[in-house]
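Visitor: Dropping in protein_12.cif, which is mmCIF, C-alpha atoms:
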data_structure
#
loop_
_atom_site.label_atom_id
_atom_site.label_comp_id
_atom_site.auth_asym_id
_atom_site.auth_seq_id
_atom_site.Cartn_x
_atom_site.Cartn_y
_atom_site.Cartn_z
CA MET A 1 -27.75 3.03 -11.07
CA PRO A 2 -23.96 2.99 -10.69
CA THR A 3 -22.06 5.69 -12.51
CA ILE A 4 -19.21 3.48 -13.64
CA ALA A 5 -19.32 -0.19 -14.61
CA PHE A 6 -16.89 -2.58 -16.28
CA GLU A 7 -17.99 -1.47 -19.77
CA ASP A 8 -16.91 2.12 -19.06
CA LEU A 9 -13.34 1.22 -18.20
CA THR A 10 -11.91 0.81 -21.67
CA PRO A 11 -8.16 0.54 -22.31
CA GLY A 12 -6.53 3.94 -22.74
CA ARG A 13 -9.14 5.77 -20.74
CA ILE A 14 -7.61 8.36 -18.39
CA ILE A 15 -9.57 9.63 -15.41
CA ASP A 16 -8.58 12.69 -13.41
CA LEU A 17 -8.91 12.14 -9.67
CA GLY A 18 -8.28 15.72 -8.63
CA GLY A 19 -5.76 17.31 -6.30
CA VAL A 20 -5.04 16.29 -2.71
CA LYS A 21 -3.18 18.48 -0.22
CA VAL A 22 -0.89 16.65 2.19
CA ASP A 23 -1.86 17.68 5.71
CA ARG A 24 1.19 17.79 7.94
CA GLU A 25 -0.54 16.72 11.15
CA GLU A 26 -2.37 13.84 9.51
CA MET A 27 0.85 12.75 7.79
CA LEU A 28 2.62 12.66 11.17
CA ALA A 29 -0.26 10.87 12.90
CA PHE A 30 -0.25 8.18 10.21
CA ALA A 31 3.51 7.73 10.57
CA ARG A 32 3.32 7.51 14.36
CA ARG A 33 0.77 4.72 14.12
CA PHE A 34 1.89 2.74 11.07
CA ASP A 35 5.41 3.70 9.99
CA PRO A 36 7.35 5.32 12.86
CA GLN A 37 10.71 5.62 11.12
CA PRO A 38 12.70 8.74 12.09
CA PHE A 39 12.54 10.36 8.62
CA HIS A 40 8.72 10.16 8.73
CA LEU A 41 8.52 11.76 12.19
CA ASP A 42 11.28 14.30 12.62
CA GLU A 43 12.48 17.24 10.50
CA GLU A 44 16.14 16.84 11.35
CA ALA A 45 16.15 13.06 10.82
CA GLY A 46 14.43 13.65 7.48
CA ARG A 47 17.07 16.16 6.39
CA ARG A 48 19.85 13.73 7.24
CA SER A 49 18.17 10.90 5.28
CA VAL A 50 18.01 10.17 1.57
CA LEU A 51 14.53 11.71 1.62
CA GLY A 52 16.01 15.16 2.14
CA GLY A 53 13.38 16.30 4.62
CA LEU A 54 10.47 15.17 6.77
CA ALA A 55 8.60 12.95 4.30
CA ALA A 56 5.39 10.96 4.20
CA SER A 57 5.18 7.21 4.66
CA GLY A 58 4.60 5.69 1.25
CA TRP A 59 1.54 3.94 2.67
CA PHE A 60 0.06 7.31 3.56
CA THR A 61 0.59 8.51 -0.01
CA ALA A 62 -1.02 5.33 -1.35
CA SER A 63 -3.94 5.78 1.06
CA LEU A 64 -4.48 9.39 -0.09
CA TRP A 65 -4.55 8.18 -3.69
CA MET A 66 -7.04 5.47 -2.73
CA ARG A 67 -9.40 8.04 -1.25
CA ALA A 68 -9.28 10.11 -4.43
CA TYR A 69 -9.98 6.93 -6.44
CA VAL A 70 -13.00 6.12 -4.27
CA ASP A 71 -14.35 9.68 -4.49
CA HIS A 72 -13.98 9.99 -8.26
CA VAL A 73 -14.53 6.44 -9.51
CA LEU A 74 -15.46 3.72 -7.04
CA ALA A 75 -18.25 5.45 -5.13
CA GLY A 76 -21.45 4.38 -6.84
CA SER A 77 -19.55 2.12 -9.26
CA THR A 78 -19.89 -1.63 -9.59
CA SER A 79 -16.50 -2.14 -7.87
CA GLN A 80 -16.01 -5.52 -6.22
CA GLY A 81 -12.61 -4.79 -4.72
CA SER A 82 -9.13 -5.76 -5.84
CA PRO A 83 -6.89 -8.82 -5.51
CA GLY A 84 -3.78 -6.61 -5.59
CA GLY A 85 -1.30 -5.52 -8.18
CA ARG A 86 2.10 -5.83 -9.77
CA GLU A 87 3.76 -2.51 -9.04
CA PHE A 88 3.94 0.06 -6.29
CA ALA A 89 6.54 2.77 -6.62
CA TRP A 90 7.46 5.85 -4.64
CA PRO A 91 9.87 7.52 -7.08
CA ALA A 92 10.22 10.75 -5.09
CA PRO A 93 9.46 11.85 -1.52
CA VAL A 94 6.23 13.57 -0.48
CA TYR A 95 6.51 16.53 1.89
CA PRO A 96 3.98 18.35 4.09
CA ASP A 97 1.71 20.75 2.17
CA ASP A 98 2.50 19.16 -1.19
CA VAL A 99 -0.48 19.12 -3.51
CA LEU A 100 -0.66 15.80 -5.30
CA HIS A 101 -2.43 15.54 -8.62
CA CYS A 102 -3.99 12.08 -8.85
CA ARG A 103 -5.10 10.25 -11.95
CA LEU A 104 -5.48 6.78 -13.41
CA GLU A 105 -5.16 5.11 -16.78
CA VAL A 106 -6.91 1.92 -17.82
CA LEU A 107 -4.36 -0.51 -19.26
CA ALA A 108 -6.51 -3.52 -20.08
CA ALA A 109 -9.96 -4.94 -19.43
CA ARG A 110 -11.35 -8.45 -19.82
CA ARG A 111 -14.36 -10.43 -18.68
CA SER A 112 -13.88 -13.18 -16.17
CA ARG A 113 -14.22 -16.61 -17.82
CA SER A 114 -15.68 -18.25 -14.75
CA ARG A 115 -17.95 -15.35 -13.77
CA PRO A 116 -19.21 -13.59 -16.92
CA ARG A 117 -20.88 -10.78 -14.97
CA LEU A 118 -17.52 -9.76 -13.53
CA GLY A 119 -14.76 -7.85 -15.31
CA LEU A 120 -11.08 -7.51 -14.49
CA VAL A 121 -9.58 -4.10 -15.17
CA ASP A 122 -5.84 -3.37 -15.05
CA ILE A 123 -5.19 0.17 -13.93
CA THR A 124 -2.15 2.36 -13.33
CA GLY A 125 -2.76 5.06 -10.74
CA THR A 126 -0.35 7.94 -10.30
CA ALA A 127 0.17 10.97 -8.10
CA HIS A 128 2.31 13.88 -9.25
CA ARG A 129 3.56 16.93 -7.42
CA ARG A 130 3.98 20.14 -9.33
CA ASP A 131 7.72 20.71 -9.70
CA PRO A 132 8.48 24.31 -8.68
CA ASP A 133 11.78 24.22 -10.59
CA VAL A 134 10.27 23.38 -13.95
CA GLU A 135 7.67 25.52 -15.74
CA GLY A 136 4.65 23.26 -16.13
CA GLY A 137 6.73 20.39 -14.78
CA GLU A 138 5.45 17.60 -12.60
CA GLU A 139 7.25 14.99 -10.55
CA CYS A 140 5.79 11.52 -10.06
CA VAL A 141 5.60 10.54 -6.38
CA LEU A 142 3.40 7.42 -6.59
CA ARG A 143 2.64 4.76 -9.15
CA LEU A 144 0.35 1.78 -8.49
CA THR A 145 -0.47 -0.85 -11.11
CA PHE A 146 -3.22 -3.18 -9.97
CA THR A 147 -6.31 -5.12 -11.00
CA GLY A 148 -9.80 -4.04 -10.06
CA PHE A 149 -12.91 -6.20 -10.14
CA PHE A 150 -16.01 -4.49 -11.58
CA GLY A 151 -19.48 -5.82 -12.21
CA THR A 152 -20.75 -5.61 -15.78
CA ARG A 153 -23.69 -3.40 -16.65
CA ASP A 154 -25.59 -5.99 -18.66
CA MET B 1 24.75 0.80 17.02
CA PRO B 2 21.92 -0.35 14.77
CA THR B 3 20.62 -3.86 15.34
CA ILE B 4 20.21 -4.74 11.68
CA ALA B 5 22.32 -3.60 8.73
CA PHE B 6 22.58 -4.67 5.10
CA GLU B 7 25.01 -7.48 5.95
CA ASP B 8 22.42 -9.16 8.19
CA LEU B 9 19.78 -9.43 5.49
CA THR B 10 21.06 -12.46 3.64
CA PRO B 11 18.95 -14.30 1.04
CA GLY B 12 16.77 -16.97 2.58
CA ARG B 13 16.63 -15.32 5.97
CA ILE B 14 13.13 -15.39 7.49
CA ILE B 15 12.19 -12.95 10.24
CA ASP B 16 9.09 -13.36 12.40
CA LEU B 17 7.26 -10.06 12.88
CA GLY B 18 4.79 -11.30 15.49
CA GLY B 19 1.02 -11.28 15.62
CA VAL B 20 -1.26 -8.29 15.09
CA LYS B 21 -4.90 -8.19 16.13
CA VAL B 22 -7.25 -6.31 13.80
CA ASP B 23 -9.10 -3.73 15.87
CA ARG B 24 -12.61 -3.27 14.54
CA GLU B 25 -12.94 0.42 15.40
CA GLU B 26 -9.54 1.32 13.95
CA MET B 27 -10.30 -0.72 10.83
CA LEU B 28 -13.54 1.23 10.36
CA ALA B 29 -11.89 4.61 11.05
CA PHE B 30 -9.21 3.86 8.45
CA ALA B 31 -11.87 2.90 5.90
CA ARG B 32 -13.96 6.01 6.56
CA ARG B 33 -10.93 8.22 5.91
CA PHE B 34 -9.08 6.42 3.11
CA ASP B 35 -11.24 3.73 1.52
CA PRO B 36 -14.95 4.37 2.14
CA GLN B 37 -16.33 1.56 0.01
CA PRO B 38 -19.53 -0.04 1.38
CA PHE B 39 -17.97 -3.46 2.05
CA HIS B 40 -15.31 -1.79 4.24
CA LEU B 41 -17.89 0.17 6.25
CA ASP B 42 -21.06 -1.84 6.62
CA GLU B 43 -21.75 -5.43 7.76
CA GLU B 44 -24.64 -5.99 5.41
CA ALA B 45 -22.83 -4.52 2.38
CA GLY B 46 -19.86 -6.73 3.25
CA ARG B 47 -22.01 -9.85 3.36
CA ARG B 48 -23.49 -9.06 -0.04
CA SER B 49 -20.03 -8.50 -1.59
CA VAL B 50 -17.39 -10.95 -2.78
CA LEU B 51 -15.60 -10.32 0.54
CA GLY B 52 -18.32 -12.23 2.40
CA GLY B 53 -18.45 -9.84 5.35
CA LEU B 54 -17.29 -6.49 6.67
CA ALA B 55 -13.63 -6.55 5.61
CA ALA B 56 -10.56 -4.37 6.01
CA SER B 57 -9.23 -2.05 3.33
CA GLY B 58 -6.16 -3.70 1.85
CA TRP B 59 -4.23 -0.53 2.64
CA PHE B 60 -5.07 -0.95 6.30
CA THR B 61 -3.74 -4.52 6.22
CA ALA B 62 -0.56 -3.32 4.47
CA SER B 63 -0.18 -0.55 7.06
CA LEU B 64 -0.52 -3.02 9.94
CA TRP B 65 2.18 -5.18 8.37
CA MET B 66 4.38 -2.11 7.97
CA ARG B 67 4.11 -1.32 11.67
CA ALA B 68 5.15 -4.87 12.58
CA TYR B 69 8.09 -4.54 10.16
CA VAL B 70 9.18 -1.27 11.79
CA ASP B 71 8.86 -2.70 15.30
CA HIS B 72 10.78 -5.91 14.59
CA VAL B 73 13.30 -4.87 11.94
CA LEU B 74 13.51 -1.24 10.88
CA ALA B 75 13.61 0.46 14.28
CA GLY B 76 17.27 0.92 15.07
CA SER B 77 18.31 -0.55 11.71
CA THR B 78 20.23 1.21 8.94
CA SER B 79 17.02 1.48 6.83
CA GLN B 80 17.02 4.23 4.24
CA GLY B 81 13.47 3.71 3.03
CA SER B 82 12.11 1.97 -0.04
CA PRO B 83 11.58 2.87 -3.71
CA GLY B 84 8.60 0.49 -3.91
CA GLY B 85 8.00 -3.04 -5.06
CA ARG B 86 6.75 -5.44 -7.67
CA GLU B 87 3.85 -7.18 -5.97
CA PHE B 88 1.06 -6.43 -3.56
CA ALA B 89 -1.60 -9.06 -3.11
CA TRP B 90 -4.65 -9.44 -0.91
CA PRO B 91 -5.48 -13.10 -1.56
CA ALA B 92 -8.20 -13.32 1.12
CA PRO B 93 -10.27 -10.83 3.11
CA VAL B 94 -9.34 -9.62 6.60
CA TYR B 95 -12.13 -9.38 9.18
CA PRO B 96 -12.42 -7.61 12.55
CA ASP B 97 -10.64 -9.41 15.40
CA ASP B 98 -8.53 -11.51 13.04
CA VAL B 99 -5.04 -12.12 14.37
CA LEU B 100 -2.51 -11.76 11.57
CA HIS B 101 0.81 -13.48 11.79
CA CYS B 102 3.39 -11.31 10.02
CA ARG B 103 6.76 -12.38 8.69
CA LEU B 104 9.26 -11.60 5.95
CA GLU B 105 11.73 -13.49 3.83
CA VAL B 106 14.82 -11.99 2.22
CA LEU B 107 14.87 -12.89 -1.47
CA ALA B 108 18.05 -11.18 -2.67
CA ALA B 109 20.60 -8.61 -1.54
CA ARG B 110 23.19 -6.61 -3.49
CA ARG B 111 25.34 -3.57 -2.95
CA SER B 112 24.59 -0.42 -4.88
CA ARG B 113 27.15 0.15 -7.64
CA SER B 114 26.96 3.91 -7.44
CA ARG B 115 26.81 4.10 -3.63
CA PRO B 116 28.89 1.29 -2.11
CA ARG B 117 27.76 2.02 1.44
CA LEU B 118 24.16 1.31 0.47
CA GLY B 119 22.58 -2.11 -0.09
CA LEU B 120 19.39 -3.07 -1.88
CA VAL B 121 17.43 -5.90 -0.30
CA ASP B 122 14.48 -7.64 -1.98
CA ILE B 123 11.95 -8.80 0.58
CA THR B 124 8.63 -10.62 0.55
CA GLY B 125 6.44 -9.74 3.49
CA THR B 126 3.37 -11.79 4.34
CA ALA B 127 0.49 -11.81 6.79
CA HIS B 128 -1.44 -15.00 7.51
CA ARG B 129 -4.59 -15.61 9.46
CA ARG B 130 -4.98 -18.88 11.30
CA ASP B 131 -7.58 -20.89 9.40
CA PRO B 132 -10.13 -22.22 11.92
CA ASP B 133 -11.23 -24.90 9.46
CA VAL B 134 -7.82 -26.50 9.07
CA GLU B 135 -5.78 -27.95 11.95
CA GLY B 136 -2.56 -25.93 11.97
CA GLY B 137 -3.68 -24.27 8.76
CA GLU B 138 -3.04 -20.67 7.82
CA GLU B 139 -4.50 -18.48 5.13
CA CYS B 140 -2.43 -15.79 3.45
CA VAL B 141 -4.16 -12.38 3.50
CA LEU B 142 -1.28 -10.13 2.39
CA ARG B 143 1.85 -10.48 0.29
CA LEU B 144 4.19 -7.58 -0.49
CA THR B 145 7.38 -7.95 -2.52
CA PHE B 146 9.51 -4.84 -2.44
CA THR B 147 13.03 -3.45 -2.26
CA GLY B 148 14.47 -1.89 0.87
CA PHE B 149 17.52 0.36 1.08
CA PHE B 150 19.86 -0.41 3.98
CA GLY B 151 23.17 1.13 4.95
CA THR B 152 26.12 -1.25 5.19
CA ARG B 153 27.81 -1.87 8.52
CA ASP B 154 31.37 -1.37 7.29
#
Render the structure in this file as structure tokens.
Guide:
Amino acid sequence: MPTIAFEDLTPGRIIDLGGVKVDREEMLAFARRFDPQPFHLDEEAGRRSVLGGLAASGWFTASLWMRAYVDHVLAGSTSQGSPGGREFAWPAPVYPDDVLHCRLEVLAARRSRSRPRLGLVDITGTAHRRDPDVEGGEECVLRLTFTGFFGTRD
Amino acid sequence: MPTIAFEDLTPGRIIDLGGVKVDREEMLAFARRFDPQPFHLDEEAGRRSVLGGLAASGWFTASLWMRAYVDHVLAGSTSQGSPGGREFAWPAPVYPDDVLHCRLEVLAARRSRSRPRLGLVDITGTAHRRDPDVEGGEECVLRLTFTGFFGTRD
């Protein structure tokens, strides 16, 4: 029986998705294949850019978040995929060896009118890096607001 | 000298980003690493899902579009990255061996008030698959609306 179904994803619920370390080699391999801009590939080009250093492709950061979401929520759930979302934001750069703390919050949930055994869940997912300059501080590096389809339990 | 700067990205401009074939093995490898949901990994699970068959992770589709965008626009441009966007949509599934036709349209462009040598460009990127059931028809499989930062030429 799935761990998580539509009925479990109630508005206001926050789910911790754990920490993810950014592997430098994987970050570079992703950039070489999908986003070969100089600031994603080269230290010096990164330093000269607005990113301030060699930084991850935003799609790599989103993909790391996705994996944490699958591991902690979707695996064994009634997930039926996603039609997309209304926000993706990369408010700060991600650097090699950063540890990103991933979580999600359920914003809203409703049953489909046309398919009563399906629910639509609006979710904001975030990743934060611990900010070394602020005691207990965190810096948001990713925010995704999207809709997920989940089967109902009943 | 960069090929494309802020001044070139005028509202209404449409840029063709070419065709991209979806490689089945790469699609599966991406899913195993970043989005290991059954319908992205297994034919039979795909057929039983709303996706109707083994289908790509939406993040893989977005990453393929990004590569086409780098190859046709960003490489050699004055790009300074992106803070994110306000829409990502996967209106139809992507299957192995699909050929996706990628393009973008410039929606709006304005200079930064605080940094006059930087421009903000709002772009909608799309990928379409030729629809075999409709003569000349295409089906949209990806839509991304986001802001890009570009240096000015002057």
Visitor: Do a neighbour search on A:Gly18 at 12 Å with all atoms listed in the file, toss out local chain neighbours closer than 4 positions, and write the hits as a list in words.
Guide: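 Within the cut-off, the hits are Leu64, Trp65, Met66, Arg67, Ala68, Tyr69, Val70, Asp71, His72, Val73, Val99, Leu100, His101, Cys102, Arg103, Leu104, Thr126, Ala127, His128 and Arg129 of chain A.
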Visitor: Translate the PyMOL selection byres ((chain A) within 7 of (chain B)), as applied to the file shown, into an explicit residue set as a PyMOL selection string.
Guide: chain A and resi 34-37+49-50+59+63-64+66-67+70+75+80+83-91
Visitor: Write out as a compact mmCIF listing (two decimals) with C-alpha atoms, in the frame of the given file each polymer residue whose atoms come within 9 Å of B:Arg111, counting all atoms listed in the file; drop sequence neighbours fewer than 3 positions from it.
Guide:
# COMPACT_ATOMS: atom_id res chain seq x y z
CA PHE B 6 22.58 -4.67 5.10
CA SER B 114 26.96 3.91 -7.44
CA ARG B 115 26.81 4.10 -3.63
CA PRO B 116 28.89 1.29 -2.11
CA ARG B 117 27.76 2.02 1.44
CA LEU B 118 24.16 1.31 0.47
CA GLY B 119 22.58 -2.11 -0.09
CA LEU B 120 19.39 -3.07 -1.88
CA VAL B 121 17.43 -5.90 -0.30
CA THR B 152 26.12 -1.25 5.19
Visitor: Just the residues within 8 Å of A:Leu107, please, counting all atoms listed in the file, with nothing from its chain fewer than 3 positions along; format it as a list in words.
Guide: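 In the requested format, the answer is Pro11, Gly12, Val121, Asp122, Ile123 and Thr124 of chain A.
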Visitor: What's the separation between atom CA of B:Val106 and atom CA of A:Ala45, in Å to one decimal place?
Guide: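 A separation of 26.5 Å between them.
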Visitor: Kindly give the distance, in Å, that separates atom CA of B:Phe150 and atom CA of A:Arg47, rounded to a single decimal.
Guide: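 The value is 17.0 Å.
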Visitor: Rounded to one decimal, what separation in Å do you get between atom CA of B:Leu54 and atom CA of B:Asp98?
Guide: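 Separating atom CA of B:Leu54 from atom CA of B:Asp98 is a distance of 11.9 Å.
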Visitor: Can you list, as a ChimeraX atom specification, the residues that the PyMOL selection byres ((chain A and resi 139) around 7) selects here?
Guide: /A:128-131,137-138,140-141
Visitor: Can you report as lines of an AutoDock Vina configuration file the centre and edge lengths in Å, to one decimal, of an axis-aligned box around the listed atoms of stretch 57-60 of chain A padded with 6 Å on each side?
Guide:
center_x = 2.6
center_y = 5.6
center_z = 3.0
size_x = 17.1
size_y = 15.4
size_z = 15.4
